[in-house]
>>> print(open('target24.cif').read())   # mmCIF, C-alpha atoms
data_start
#
loop_
_atom_site.label_atom_id
_atom_site.label_comp_id
_atom_site.auth_asym_id
_atom_site.auth_seq_id
_atom_site.Cartn_x
_atom_site.Cartn_y
_atom_site.Cartn_z
CA MET E 1 15.80 -28.56 -95.70
CA ILE E 2 16.39 -26.22 -92.90
CA LYS E 3 18.36 -27.75 -90.13
CA LEU E 4 16.32 -27.55 -86.96
CA PHE E 5 18.90 -28.86 -84.56
CA THR E 6 21.71 -26.53 -85.25
CA ARG E 7 23.98 -25.62 -82.39
CA GLY E 8 22.46 -22.13 -82.09
CA ASN E 9 18.90 -23.43 -81.97
CA ILE E 10 19.68 -25.95 -79.28
CA LYS E 11 21.27 -23.20 -77.12
CA SER E 12 18.22 -21.00 -77.59
CA LEU E 13 15.92 -23.89 -76.76
CA VAL E 14 17.82 -24.65 -73.55
CA ILE E 15 17.66 -21.01 -72.52
CA ILE E 16 13.92 -20.87 -73.23
CA LEU E 17 13.33 -24.06 -71.24
CA VAL E 18 15.37 -22.75 -68.31
CA VAL E 19 13.47 -19.43 -68.35
CA VAL E 20 10.10 -21.19 -68.64
CA GLY E 21 11.15 -23.54 -65.80
CA LEU E 22 12.16 -20.62 -63.58
CA ILE E 23 8.88 -18.80 -64.32
CA ALA E 24 6.92 -21.97 -63.55
CA MET E 25 8.84 -22.47 -60.30
CA ALA E 26 8.30 -18.83 -59.37
CA MET E 27 4.59 -19.06 -60.12
CA GLY E 28 4.42 -22.25 -58.08
CA GLY E 29 5.99 -20.43 -55.14
CA PHE E 30 9.12 -22.57 -55.02
CA LEU E 31 11.40 -19.57 -55.39
CA THR E 32 9.76 -17.40 -52.73
CA PRO E 33 12.33 -18.10 -49.96
CA LEU E 34 15.10 -17.35 -52.41
CA PHE E 35 13.42 -14.10 -53.44
CA ASN E 36 12.84 -13.11 -49.86
CA LEU E 37 16.41 -13.81 -48.97
CA SER E 38 17.75 -11.78 -51.82
CA LEU E 39 15.17 -8.97 -51.60
CA SER E 40 15.36 -8.25 -47.89
CA PRO E 41 18.70 -6.42 -47.92
CA LEU E 42 17.66 -4.71 -51.09
CA ILE E 43 14.43 -3.44 -49.57
CA SER E 44 16.23 -2.29 -46.43
CA SER E 45 18.78 -0.42 -48.49
CA GLN E 46 16.04 1.04 -50.64
CA SER E 47 13.99 2.26 -47.73
CA TRP E 48 17.08 3.75 -46.07
CA LEU E 49 17.96 5.56 -49.27
CA SER E 50 14.40 6.70 -49.81
CA MET E 51 14.09 8.07 -46.30
CA ARG E 52 17.35 9.97 -46.59
CA TYR E 53 16.25 11.36 -49.91
CA LEU E 54 12.88 12.47 -48.55
CA ALA E 55 14.53 14.05 -45.53
CA PHE E 56 16.99 15.79 -47.80
CA ARG E 57 14.19 17.00 -50.08
CA GLU E 58 12.07 18.14 -47.13
CA PHE E 59 14.97 20.12 -45.77
CA PHE E 60 15.20 22.15 -48.96
CA THR E 61 11.57 22.26 -50.08
CA ALA E 62 9.57 22.42 -46.82
CA PRO E 63 7.70 25.64 -46.09
CA LYS E 64 9.71 28.25 -44.29
CA ASP E 65 7.33 28.38 -41.30
CA VAL E 66 7.78 24.70 -40.34
CA ALA E 67 9.85 25.75 -37.35
CA SER E 68 7.07 27.94 -36.04
CA LEU E 69 4.52 25.16 -36.68
CA ARG E 70 6.60 22.73 -34.74
CA GLU E 71 6.94 25.23 -31.94
CA ARG E 72 3.19 25.76 -31.91
CA ASN E 73 2.62 22.01 -31.89
CA THR E 74 4.93 21.61 -28.91
CA GLN E 75 3.09 24.41 -27.10
CA LEU E 76 -0.26 22.75 -27.79
CA GLU E 77 1.04 19.41 -26.51
CA VAL E 78 2.17 21.13 -23.32
CA ASP E 79 -1.27 22.76 -23.00
CA ILE E 80 -2.97 19.38 -23.46
CA SER E 81 -0.86 17.74 -20.78
CA GLN E 82 -1.57 20.66 -18.41
CA LEU E 83 -5.30 20.35 -19.07
CA GLN E 84 -5.15 16.61 -18.50
CA SER E 85 -3.44 17.12 -15.15
CA GLN E 86 -6.07 19.75 -14.28
CA ILE E 87 -8.84 17.28 -15.12
CA ILE E 88 -7.26 14.65 -12.86
CA GLU E 89 -6.91 17.21 -10.05
CA LEU E 90 -10.52 18.35 -10.45
CA GLU E 91 -11.75 14.75 -10.45
CA GLU E 92 -9.88 14.17 -7.19
CA ARG E 93 -11.42 17.31 -5.70
CA LEU E 94 -14.85 16.23 -6.88
CA SER E 95 -14.38 12.88 -5.19
CA GLU E 96 -13.32 14.60 -1.95
CA ALA E 97 -16.25 17.01 -2.21
CA GLN E 98 -18.69 14.13 -2.67
CA ILE E 99 -17.37 12.47 0.50
CA LEU E 100 -17.58 15.77 2.41
CA TYR E 101 -21.13 16.39 1.12
CA ALA E 102 -22.14 12.94 2.37
CA LEU E 103 -20.58 13.69 5.77
CA LEU E 104 -22.32 17.08 5.86
CA ASP E 105 -25.60 15.40 5.02
CA PHE E 106 -25.08 12.98 7.89
CA ALA E 107 -24.28 15.88 10.26
CA ARG E 108 -27.49 17.66 9.20
CA THR E 109 -29.60 14.59 9.83
CA ASN E 110 -28.03 14.12 13.27
CA PRO E 111 -28.12 17.66 14.68
CA GLN E 112 -27.80 16.54 18.29
CA HIS E 113 -24.04 16.13 17.79
CA GLU E 114 -21.30 18.58 16.88
CA TYR E 115 -18.81 17.32 14.33
CA ILE E 116 -15.35 18.04 13.03
CA ALA E 117 -14.49 16.57 9.66
CA ALA E 118 -11.03 15.04 9.34
CA THR E 119 -9.05 13.39 6.59
CA VAL E 120 -7.42 10.01 7.10
CA ILE E 121 -3.70 10.53 6.55
CA GLY E 122 -2.31 7.16 7.55
CA ARG E 123 -2.78 3.76 9.07
CA GLU E 124 -1.10 2.01 11.99
CA ILE E 125 2.37 0.67 11.23
CA SER E 126 1.90 -2.58 13.13
CA PRO E 127 -0.29 -5.04 11.19
CA PHE E 128 -1.56 -6.47 14.48
CA LEU E 129 -3.53 -3.33 15.30
CA GLN E 130 -6.36 -1.51 13.53
CA TYR E 131 -5.84 2.22 13.92
CA ILE E 132 -5.96 5.20 11.60
CA ILE E 133 -4.33 8.62 11.84
CA ILE E 134 -6.38 11.74 11.09
CA ASP E 135 -5.31 15.29 10.37
CA LYS E 136 -7.12 17.02 13.24
CA GLY E 137 -5.85 17.22 16.80
CA SER E 138 -6.06 19.09 20.07
CA ASN E 139 -5.73 22.44 18.27
CA GLN E 140 -9.11 21.72 16.65
CA GLY E 141 -10.64 20.61 19.97
CA LEU E 142 -10.22 16.85 19.74
CA LYS E 143 -9.87 14.91 22.98
CA HIS E 144 -9.17 11.34 23.97
CA GLY E 145 -12.23 9.12 23.77
CA MET E 146 -14.29 11.15 21.30
CA PRO E 147 -16.34 8.91 18.99
CA VAL E 148 -15.51 8.85 15.28
CA VAL E 149 -18.15 8.15 12.63
CA THR E 150 -18.81 8.41 8.91
CA GLN E 151 -22.10 9.04 7.14
CA GLN E 152 -22.58 5.27 7.21
CA GLY E 153 -21.97 4.49 10.84
CA LEU E 154 -19.55 4.03 13.72
CA VAL E 155 -15.82 3.97 12.99
CA GLY E 156 -14.13 4.02 16.40
CA ARG E 157 -12.87 6.51 18.93
CA VAL E 158 -9.96 8.86 19.42
CA ASP E 159 -7.15 7.05 21.20
CA ALA E 160 -4.33 9.60 21.26
CA VAL E 161 -4.13 13.26 20.33
CA VAL E 162 -1.31 15.65 19.42
CA ALA E 163 -1.57 19.25 18.28
CA ASN E 164 -2.63 18.67 14.68
CA ALA E 165 -3.25 14.94 14.43
CA ALA E 166 -4.96 12.14 16.27
CA ARG E 167 -4.89 8.37 16.36
CA VAL E 168 -8.24 6.60 16.14
CA GLN E 169 -8.86 3.06 17.36
CA LEU E 170 -11.20 1.33 14.92
CA ILE E 171 -13.99 -0.92 16.19
CA THR E 172 -12.28 -3.73 14.26
CA ASP E 173 -9.19 -3.60 16.50
CA ALA E 174 -8.56 -6.66 18.65
CA ASN E 175 -8.64 -4.51 21.81
CA SER E 176 -11.90 -2.77 20.91
CA VAL E 177 -15.10 -3.57 22.79
CA VAL E 178 -18.33 -1.73 21.94
CA ASN E 179 -21.53 -2.19 23.92
CA ILE E 180 -24.36 -2.65 21.45
CA HIS E 181 -27.95 -3.64 21.30
CA LEU E 182 -29.67 -5.70 18.68
CA GLN E 183 -32.60 -3.70 17.42
CA SER E 184 -34.95 -6.59 16.61
CA ALA E 185 -34.06 -8.89 19.50
CA LYS E 186 -34.02 -6.03 22.04
CA VAL E 187 -30.93 -7.41 23.73
CA GLU E 188 -27.60 -6.00 24.83
CA ALA E 189 -24.31 -7.56 23.76
CA GLN E 190 -20.67 -6.73 23.10
CA LEU E 191 -19.06 -6.13 19.73
CA VAL E 192 -15.41 -7.15 19.71
CA GLY E 193 -12.76 -6.73 17.05
CA SER E 194 -10.12 -9.22 16.01
CA LEU E 195 -6.65 -9.58 14.57
CA THR E 196 -8.03 -9.89 11.05
CA GLY E 197 -10.30 -6.87 11.27
CA GLU E 198 -13.50 -8.90 11.51
CA VAL E 199 -16.02 -8.03 14.21
CA ALA E 200 -18.20 -10.38 16.22
CA LEU E 201 -20.95 -10.17 18.80
CA GLU E 202 -20.38 -11.83 22.14
CA MET E 203 -22.36 -12.22 25.36
CA ILE E 204 -25.68 -12.83 23.60
CA PRO E 205 -27.87 -14.94 25.92
CA GLN E 206 -28.69 -18.42 24.63
CA ASP E 207 -32.44 -17.93 24.84
CA ILE E 208 -32.47 -14.97 22.49
CA THR E 209 -33.26 -15.54 18.83
CA VAL E 210 -30.88 -13.67 16.56
CA GLU E 211 -31.40 -13.67 12.80
CA PRO E 212 -29.02 -12.81 9.98
CA GLY E 213 -29.75 -9.25 8.89
CA ASP E 214 -30.49 -7.96 12.41
CA VAL E 215 -29.34 -4.39 12.82
CA VAL E 216 -26.58 -3.69 15.36
CA LEU E 217 -26.63 -0.28 17.11
CA THR E 218 -24.55 1.16 19.94
CA SER E 219 -26.28 0.94 23.29
CA GLY E 220 -24.45 3.75 25.05
CA LEU E 221 -23.67 1.52 28.03
CA GLY E 222 -20.25 2.11 29.54
CA GLY E 223 -20.26 5.69 28.33
CA ASN E 224 -17.71 5.16 25.55
CA TYR E 225 -20.04 5.77 22.60
CA PRO E 226 -23.29 7.66 22.14
CA PRO E 227 -26.37 5.42 21.83
CA ASN E 228 -28.08 4.38 18.60
CA MET E 229 -25.11 4.75 16.26
CA PHE E 230 -25.38 2.32 13.36
CA VAL E 231 -22.64 -0.33 13.47
CA GLY E 232 -23.60 -3.10 11.07
CA GLN E 233 -25.71 -6.18 10.47
CA VAL E 234 -25.56 -9.74 11.73
CA ILE E 235 -24.45 -12.14 9.00
CA SER E 236 -24.20 -15.46 10.84
CA ILE E 237 -24.85 -16.92 14.29
CA ARG E 238 -22.80 -19.50 16.19
CA LYS E 239 -24.73 -21.30 18.87
CA ARG E 240 -23.26 -24.13 20.95
CA GLU E 241 -25.37 -26.25 23.24
CA ASN E 242 -22.92 -26.26 26.13
CA ALA E 243 -21.88 -22.59 25.92
CA LEU E 244 -23.24 -19.88 28.19
CA PHE E 245 -23.63 -17.37 25.40
CA GLN E 246 -24.05 -17.45 21.66
CA THR E 247 -21.90 -15.42 19.29
CA ALA E 248 -22.56 -13.83 15.91
CA ASN E 249 -20.48 -12.48 13.07
CA VAL E 250 -21.24 -8.91 12.07
CA GLN E 251 -20.73 -7.15 8.75
CA PRO E 252 -19.72 -3.56 9.63
CA ILE E 253 -21.55 -0.91 7.65
CA VAL E 254 -18.33 1.09 7.22
CA ASP E 255 -15.75 -0.09 4.69
CA PHE E 256 -12.62 0.26 6.82
CA SER E 257 -10.25 -0.56 3.99
CA SER E 258 -11.14 2.60 2.06
CA LEU E 259 -11.67 5.18 4.77
CA SER E 260 -10.64 8.60 3.50
CA ALA E 261 -12.62 11.08 5.64
CA VAL E 262 -14.37 10.82 8.99
CA LEU E 263 -16.38 12.93 11.43
CA VAL E 264 -15.33 13.31 15.06
CA ILE E 265 -18.20 13.94 17.49
CA THR E 266 -16.85 16.72 19.69
CA ASN E 267 -19.74 17.24 22.12
CA PHE E 268 -19.54 13.73 23.52
CA GLU E 269 -17.10 13.01 26.30
CA ALA E 270 -16.39 9.38 27.08
CA VAL E 271 -16.89 8.34 30.68
CA ASP E 272 -13.81 6.79 32.20
CA ILE E 273 -15.06 3.93 34.35
CA THR E 274 -11.63 2.41 34.91
CA PRO E 275 -11.51 3.39 38.63
CA LEU E 276 -14.82 1.56 39.16
CA ILE E 277 -13.50 -1.71 37.74
CA PRO E 278 -12.30 -3.88 40.63
CA MET J 279 25.23 15.86 4.80
CA PRO J 280 25.07 12.08 5.56
CA HIS J 281 22.79 12.84 8.52
CA VAL J 282 20.46 14.90 6.33
CA ILE J 283 20.28 12.17 3.68
CA ALA J 284 19.70 9.42 6.26
CA GLY J 285 17.03 11.53 7.95
CA LEU J 286 15.28 12.28 4.66
CA GLY J 287 15.43 8.62 3.66
CA LEU J 288 13.87 7.50 6.90
CA LEU J 289 11.27 10.27 6.74
CA ALA J 290 10.32 9.18 3.22
CA SER J 291 10.11 5.56 4.41
CA LEU J 292 7.93 6.58 7.33
CA MET J 293 5.54 8.60 5.15
CA LEU J 294 5.30 5.81 2.58
CA GLN J 295 4.72 3.28 5.33
CA LEU J 296 1.92 5.27 6.99
CA GLY J 297 0.26 6.48 3.82
CA VAL J 298 0.70 3.66 1.34
CA VAL J 299 2.30 0.41 2.50
CA SER J 300 0.09 -0.02 5.58
CA ARG J 301 -2.96 0.23 3.30
CA VAL J 302 -1.79 -2.64 1.10
CA PRO J 303 -2.18 -5.80 3.18
CA LEU J 304 -1.59 -9.38 2.17
CA LEU J 305 -4.12 -11.31 4.26
CA SER J 306 -3.58 -9.25 7.43
CA GLY J 307 0.15 -8.69 7.04
CA THR J 308 1.89 -5.63 5.69
CA ALA J 309 5.45 -4.83 4.67
CA ASP J 310 7.65 -2.72 6.95
CA LEU J 311 9.63 -0.23 4.88
CA ILE J 312 11.32 1.24 7.94
CA LEU J 313 12.64 -2.15 9.00
CA LEU J 314 13.93 -2.74 5.47
CA PHE J 315 15.53 0.71 5.29
CA LEU J 316 17.28 0.23 8.64
CA ALA J 317 18.39 -3.29 7.69
CA ALA J 318 19.82 -2.09 4.36
CA TRP J 319 21.39 0.99 6.00
CA GLY J 320 23.00 -1.18 8.68
CA LEU J 321 24.48 -3.48 6.06
CA GLN J 322 26.40 -0.65 4.40
CA GLU J 323 30.00 -1.06 5.43
CA ARG J 324 30.86 2.62 5.11
CA VAL J 325 27.86 4.00 6.99
CA LYS J 326 28.71 4.93 10.56
CA ASN J 327 25.56 6.59 11.94
CA THR J 328 23.25 3.56 11.92
CA TRP J 329 22.62 3.31 15.66
CA LEU J 330 21.82 7.01 16.00
CA TRP J 331 19.17 6.87 13.28
CA THR J 332 17.78 3.61 14.59
CA ILE J 333 17.17 5.20 17.99
CA ILE J 334 15.62 8.34 16.46
CA THR J 335 13.37 6.29 14.18
CA GLY J 336 12.41 3.89 16.95
CA VAL J 337 11.38 6.72 19.26
CA ILE J 338 9.33 8.43 16.50
CA ILE J 339 7.58 5.16 15.60
CA SER J 340 6.93 4.47 19.28
CA PHE J 341 5.11 7.82 19.49
CA ILE J 342 3.09 7.23 16.32
CA SER J 343 2.25 3.56 16.79
CA ALA J 344 -0.39 2.20 19.14
CA MET J 345 1.98 -0.58 20.16
CA PRO J 346 3.19 -0.50 23.77
CA PHE J 347 5.80 2.22 24.07
CA TYR J 348 9.43 1.33 23.28
CA VAL J 349 8.49 -2.02 21.69
CA PRO J 350 9.05 -0.69 18.14
CA LEU J 351 12.32 0.89 19.36
CA ILE J 352 13.54 -2.44 20.75
CA ALA J 353 12.50 -4.20 17.53
CA TYR J 354 14.36 -1.74 15.30
CA LEU J 355 17.44 -1.79 17.53
CA ALA J 356 17.44 -5.58 17.22
CA VAL J 357 17.16 -5.33 13.43
CA THR J 358 20.11 -2.95 13.30
CA GLY J 359 22.06 -5.24 15.63
CA ILE J 360 21.37 -8.22 13.39
CA SER J 361 22.37 -6.25 10.29
CA GLN J 362 25.63 -5.16 11.94
CA LEU J 363 26.32 -8.77 12.88
CA PHE J 364 25.66 -10.07 9.37
CA GLN J 365 27.58 -7.22 7.76
CA ARG J 366 30.77 -8.51 9.43
CA ARG J 367 30.03 -12.18 8.85
CA VAL J 368 28.69 -12.35 5.27
CA TRP J 369 29.90 -9.11 3.78
CA GLN J 370 30.95 -10.76 0.52
CA THR J 371 27.32 -11.41 -0.47
CA PRO J 372 25.32 -8.35 0.60
CA ILE J 373 22.05 -9.50 -1.02
CA LEU J 374 22.18 -12.75 0.94
CA ALA J 375 22.90 -10.74 4.08
CA MET J 376 19.92 -8.48 3.33
CA PHE J 377 17.64 -11.51 2.96
CA LEU J 378 18.96 -12.99 6.20
CA VAL J 379 18.52 -9.74 8.13
CA THR J 380 15.01 -9.27 6.70
CA PHE J 381 14.05 -12.82 7.56
CA VAL J 382 15.45 -12.89 11.09
CA GLY J 383 14.55 -9.25 11.81
CA THR J 384 10.93 -9.62 10.69
CA LEU J 385 10.43 -12.79 12.72
CA PHE J 386 11.98 -11.18 15.80
CA GLN J 387 9.94 -7.99 15.40
CA GLN J 388 6.67 -9.85 14.94
CA ALA J 389 7.37 -12.21 17.85
CA LEU J 390 8.10 -9.19 20.04
CA TYR J 391 4.88 -7.50 18.92
CA ILE J 392 2.77 -10.60 19.61
CA LEU J 393 4.39 -11.11 23.00
CA SER J 394 3.95 -7.50 24.07
CA LEU J 395 0.31 -7.44 22.91
CA GLN J 396 -0.39 -10.64 24.82
CA VAL J 397 1.22 -9.13 27.92
CA ILE J 398 -1.13 -6.13 27.81
CA GLY J 399 -4.11 -8.45 27.38
CA THR J 400 -4.89 -8.30 23.67
CA PRO J 401 -6.73 -11.49 22.71
CA ILE J 402 -4.50 -12.75 19.88
CA SER J 403 -3.13 -16.25 19.42
CA TRP J 404 0.30 -17.29 18.16
CA SER J 405 -1.02 -19.58 15.44
CA GLU J 406 -3.48 -17.03 14.04
CA SER J 407 -0.85 -14.30 14.17
CA LEU J 408 1.70 -16.49 12.45
CA ASN J 409 -0.63 -17.56 9.65
CA LEU J 410 -2.42 -14.30 8.98
CA VAL J 411 0.13 -11.63 9.85
CA THR J 412 3.69 -12.85 10.31
CA LEU J 413 4.10 -15.05 7.24
CA PRO J 414 2.41 -12.61 4.81
CA SER J 415 4.46 -9.75 6.29
CA LEU J 416 7.62 -11.81 5.93
CA LEU J 417 6.83 -12.55 2.30
CA LEU J 418 6.17 -8.88 1.52
CA ASN J 419 9.36 -7.82 3.31
CA LEU J 420 11.42 -10.38 1.39
CA LEU J 421 9.88 -9.19 -1.89
CA LEU J 422 10.76 -5.59 -1.12
CA ALA J 423 14.20 -6.40 0.32
CA ILE J 424 16.08 -6.28 -3.00
CA PRO J 425 14.71 -2.95 -4.34
CA ILE J 426 15.13 -1.28 -0.94
CA TYR J 427 18.67 -2.61 -0.65
CA ALA J 428 19.49 -1.35 -4.17
CA ILE J 429 18.15 2.14 -3.36
CA VAL J 430 19.90 2.37 0.01
CA ASN J 431 23.13 1.00 -1.43
CA ASP J 432 23.01 3.63 -4.16
CA ILE J 433 22.34 6.41 -1.65
CA ALA J 434 25.15 5.21 0.61
CA GLY J 435 27.50 5.00 -2.37
CA ARG J 436 26.75 8.62 -3.23
CA ILE J 437 27.17 9.90 0.33
CA TYR J 438 30.26 7.86 1.12
CA PRO J 439 32.30 7.46 -2.07
CA SER J 440 34.66 4.47 -1.87
CA GLY J 441 38.21 5.25 -0.82
CA ILE J 442 37.25 8.10 1.46
CA ASP J 443 37.35 7.32 5.12
CA ASN J 444 34.47 8.97 6.96
CA GLU J 445 34.88 9.51 10.63
CA TYR J 446 31.90 10.02 12.92
#
>>> encode(input="target24.cif", output="structure tokens")
Amino acid sequence: MIKLFTRGNIKSLVIILVVVGLIAMAMGGFLTPLFNLSLSPLISSQSWLSMRYLAFREFFTAPKDVASLRERNTQLEVDISQLQSQIIELEERLSEAQILYALLDFARTNPQHEYIAATVIGREISPFLQYIIIDKGSNQGLKHGMPVVTQQGLVGRVDAVVANAARVQLITDANSVVNIHLQSAKVEAQLVGSLTGEVALEMIPQDITVEPGDVVLTSGLGGNYPPNMFVGQVISIRKRENALFQTANVQPIVDFSSLSAVLVITNFEAVDITPLIP
Amino acid sequence: MPHVIAGLGLLASLMLQLGVVSRVPLLSGTADLILLFLAAWGLQERVKNTWLWTIITGVIISFISAMPFYVPLIAYLAVTGISQLFQRRVWQTPILAMFLVTFVGTLFQQALYILSLQVIGTPISWSESLNLVTLPSLLLNLLLAIPIYAIVNDIAGRIYPSGIDNEY
């Protein structure tokens, strides 16, 4: 009878069991962390070696004109970046042209005035005041007090002028007072600015009915602004029983936060009534 | 050379202030780059021409701004004065000094502006000004204080290398 449990057979059996056990553990996923741990440095080393080999092979086997191809590629990349910058520049010019076309359109529809277009180049340094600085000055014929508008409506008036620049007081400034009339109510009132840049109507008689949405136009009284310039619309009314006048908040038609170009009305000279004020 | 660099720095601050910073309000307040530049410049121990450039800047701003004339000049002179004071007192911690100068300088400048506007009859109130302009401006100035100080400190370090005594 053949001896089954010889020393050699037992050793082989143990080895087979160990191998089968390891395979079972591997298939069950129990050895994955161990594999990962041991394979990671191996994979890194392998990839490093492979990359060096490929680089080495490329160096000797690459086509001879690779240098010129790379040069051409660099040139094309430069061309692309130049074209992209040209596109951005053209888009900016298109935006400026659209604003200027709108201003020109406004000037055509209001031929009674003469205009000079100006670009807004800065804003007042002090946050308490609402002024802008434009790039046209006395050399272009600007004078103190000239009204400033956009295609949408009234912006303000020229406050100070130097040779090639001017400072414009916006109607939102706390010191600004514009005489207006409410188109629907047929009444005169005053539009005053504030610290926050909001504008409000004051001096509206109590017996007048003012509705949200009423259009606010300049009246021309006082001689500071030409009449019938669009200013904005009433958005809310504040009426107190014991007050002499009612007040109203106005939404200006001009977006003062994004002013980029304006028109200065040059054939209108403000009347200085200061000597008449007692 | 130091005069040219200081002049260019202030010119750049002025252009940025007029063209960019004044258009970026927080509520109704805006940062004041010129104040920050002068504060940082005044805190540099080696810089000697601070007062000269403060006067030049103040006069230029007084011409550009719609504030009553010489009010910006007085405000900037005060800021430089405060920075000179703090430079001698807390020179070991320049960042802290920069914060202190920015804080005190901004409050003084804004108080002066409010007072002068009230004197000429502008209808603004202290509480509204404080809430909507002064505190947001102060916050923006404090936020910009560190980068401006770092830039000015670097410029001053390049113009006046340590160990060289500059006489003006």
>>> interface_residues(input="target24.cif", of="chain E", to="chain J", cutoff="7 Å", atoms="only C-alpha atoms", output="count of residues only")
10
>>> resolve_selection(input="target24.cif", expression="the PyMOL selection byres ((chain E and resi 83-98) around 12)", output="PDB file with C-alpha atoms, keeping the file's coordinate frame")
ATOM      1  CA  LEU E  76      -0.260  22.750 -27.790  1.00  0.00           C
ATOM      2  CA  GLU E  77       1.040  19.410 -26.510  1.00  0.00           C
ATOM      3  CA  VAL E  78       2.170  21.130 -23.320  1.00  0.00           C
ATOM      4  CA  ASP E  79      -1.270  22.760 -23.000  1.00  0.00           C
ATOM      5  CA  ILE E  80      -2.970  19.380 -23.460  1.00  0.00           C
ATOM      6  CA  SER E  81      -0.860  17.740 -20.780  1.00  0.00           C
ATOM      7  CA  GLN E  82      -1.570  20.660 -18.410  1.00  0.00           C
ATOM      8  CA  ILE E  99     -17.370  12.470   0.500  1.00  0.00           C
ATOM      9  CA  LEU E 100     -17.580  15.770   2.410  1.00  0.00           C
ATOM     10  CA  TYR E 101     -21.130  16.390   1.120  1.00  0.00           C
ATOM     11  CA  ALA E 102     -22.140  12.940   2.370  1.00  0.00           C
ATOM     12  CA  LEU E 103     -20.580  13.690   5.770  1.00  0.00           C
ATOM     13  CA  LEU E 104     -22.320  17.080   5.860  1.00  0.00           C
ATOM     14  CA  ASP E 105     -25.600  15.400   5.020  1.00  0.00           C
ATOM     15  CA  ALA E 117     -14.490  16.570   9.660  1.00  0.00           C
ATOM     16  CA  ALA E 118     -11.030  15.040   9.340  1.00  0.00           C
ATOM     17  CA  THR E 119      -9.050  13.390   6.590  1.00  0.00           C
ATOM     18  CA  VAL E 120      -7.420  10.010   7.100  1.00  0.00           C
ATOM     19  CA  GLN E 151     -22.100   9.040   7.140  1.00  0.00           C
ATOM     20  CA  LEU E 259     -11.670   5.180   4.770  1.00  0.00           C
ATOM     21  CA  SER E 260     -10.640   8.600   3.500  1.00  0.00           C
ATOM     22  CA  ALA E 261     -12.620  11.080   5.640  1.00  0.00           C
ATOM     23  CA  VAL E 262     -14.370  10.820   8.990  1.00  0.00           C
TER      24      VAL E 262
END
>>> closest_residue(input="target24.cif", among="J:Gly320, J:Gly435, J:Gly336, J:Pro346", to="Val379 in chain J", atoms="only C-alpha atoms")
J:Gly320
>>> closest_residue(input="target24.cif", among="J:Val397, J:Met376, J:Leu330, J:Leu413", to="Gly285 in chain J", atoms="all atoms listed in the file")
J:Leu330
>>> atom_distance(input="target24.cif", atom1="CA of Val254 in chain E", atom2="CA of Ser138 in chain E")
25.3 Å
>>> resolve_selection(input="target24.cif", expression="the PyMOL selection byres ((chain J and resi 323-329) around 12)", output="ChimeraX atom specification")
/J:279-285,288,315-322,330-336,351-352,354-370,372,430-431,433-446
>>> atom_distance(input="target24.cif", atom1="CA of Glu188 in chain E", atom2="CA of Val215 in chain E")
12.2 Å
>>> resolve_selection(input="target24.cif", expression="the PyMOL selection byres ((chain J and resi 423) around 10)", output="VMD selection string")
chain J and resid 309 311 313 to 315 317 to 318 373 376 to 377 379 to 381 417 to 422 424 to 428
>>> atom_distance(input="target24.cif", atom1="CA of Ser291 in chain J", atom2="CA of Ile429 in chain J")
11.7 Å
>>> residues_near_point(input="target24.cif", point="(-21.7, 12.7, 12.7)", cutoff="8 Å", atoms="all atoms listed in the file", output="JSON, numbers by chain")
{"E": [103, 106, 107, 110, 113, 114, 115, 148, 149, 150, 151, 263, 264, 265]}
>>> write_last_selection(input="target24.cif", atoms="C-alpha atoms", output="PDB file, in the coordinates of the input")
ATOM      1  CA  LEU E 103     -20.580  13.690   5.770  1.00  0.00           C
ATOM      2  CA  PHE E 106     -25.080  12.980   7.890  1.00  0.00           C
ATOM      3  CA  ALA E 107     -24.280  15.880  10.260  1.00  0.00           C
ATOM      4  CA  ASN E 110     -28.030  14.120  13.270  1.00  0.00           C
ATOM      5  CA  HIS E 113     -24.040  16.130  17.790  1.00  0.00           C
ATOM      6  CA  GLU E 114     -21.300  18.580  16.880  1.00  0.00           C
ATOM      7  CA  TYR E 115     -18.810  17.320  14.330  1.00  0.00           C
ATOM      8  CA  VAL E 148     -15.510   8.850  15.280  1.00  0.00           C
ATOM      9  CA  VAL E 149     -18.150   8.150  12.630  1.00  0.00           C
ATOM     10  CA  THR E 150     -18.810   8.410   8.910  1.00  0.00           C
ATOM     11  CA  GLN E 151     -22.100   9.040   7.140  1.00  0.00           C
ATOM     12  CA  LEU E 263     -16.380  12.930  11.430  1.00  0.00           C
ATOM     13  CA  VAL E 264     -15.330  13.310  15.060  1.00  0.00           C
ATOM     14  CA  ILE E 265     -18.200  13.940  17.490  1.00  0.00           C
TER      15      ILE E 265
END
>>> closest_residue(input="target24.cif", among="E:Ala24, E:Gln246, E:Leu170, E:Ile134", to="Ala189 in chain E", atoms="all atoms listed in the file")
E:Gln246
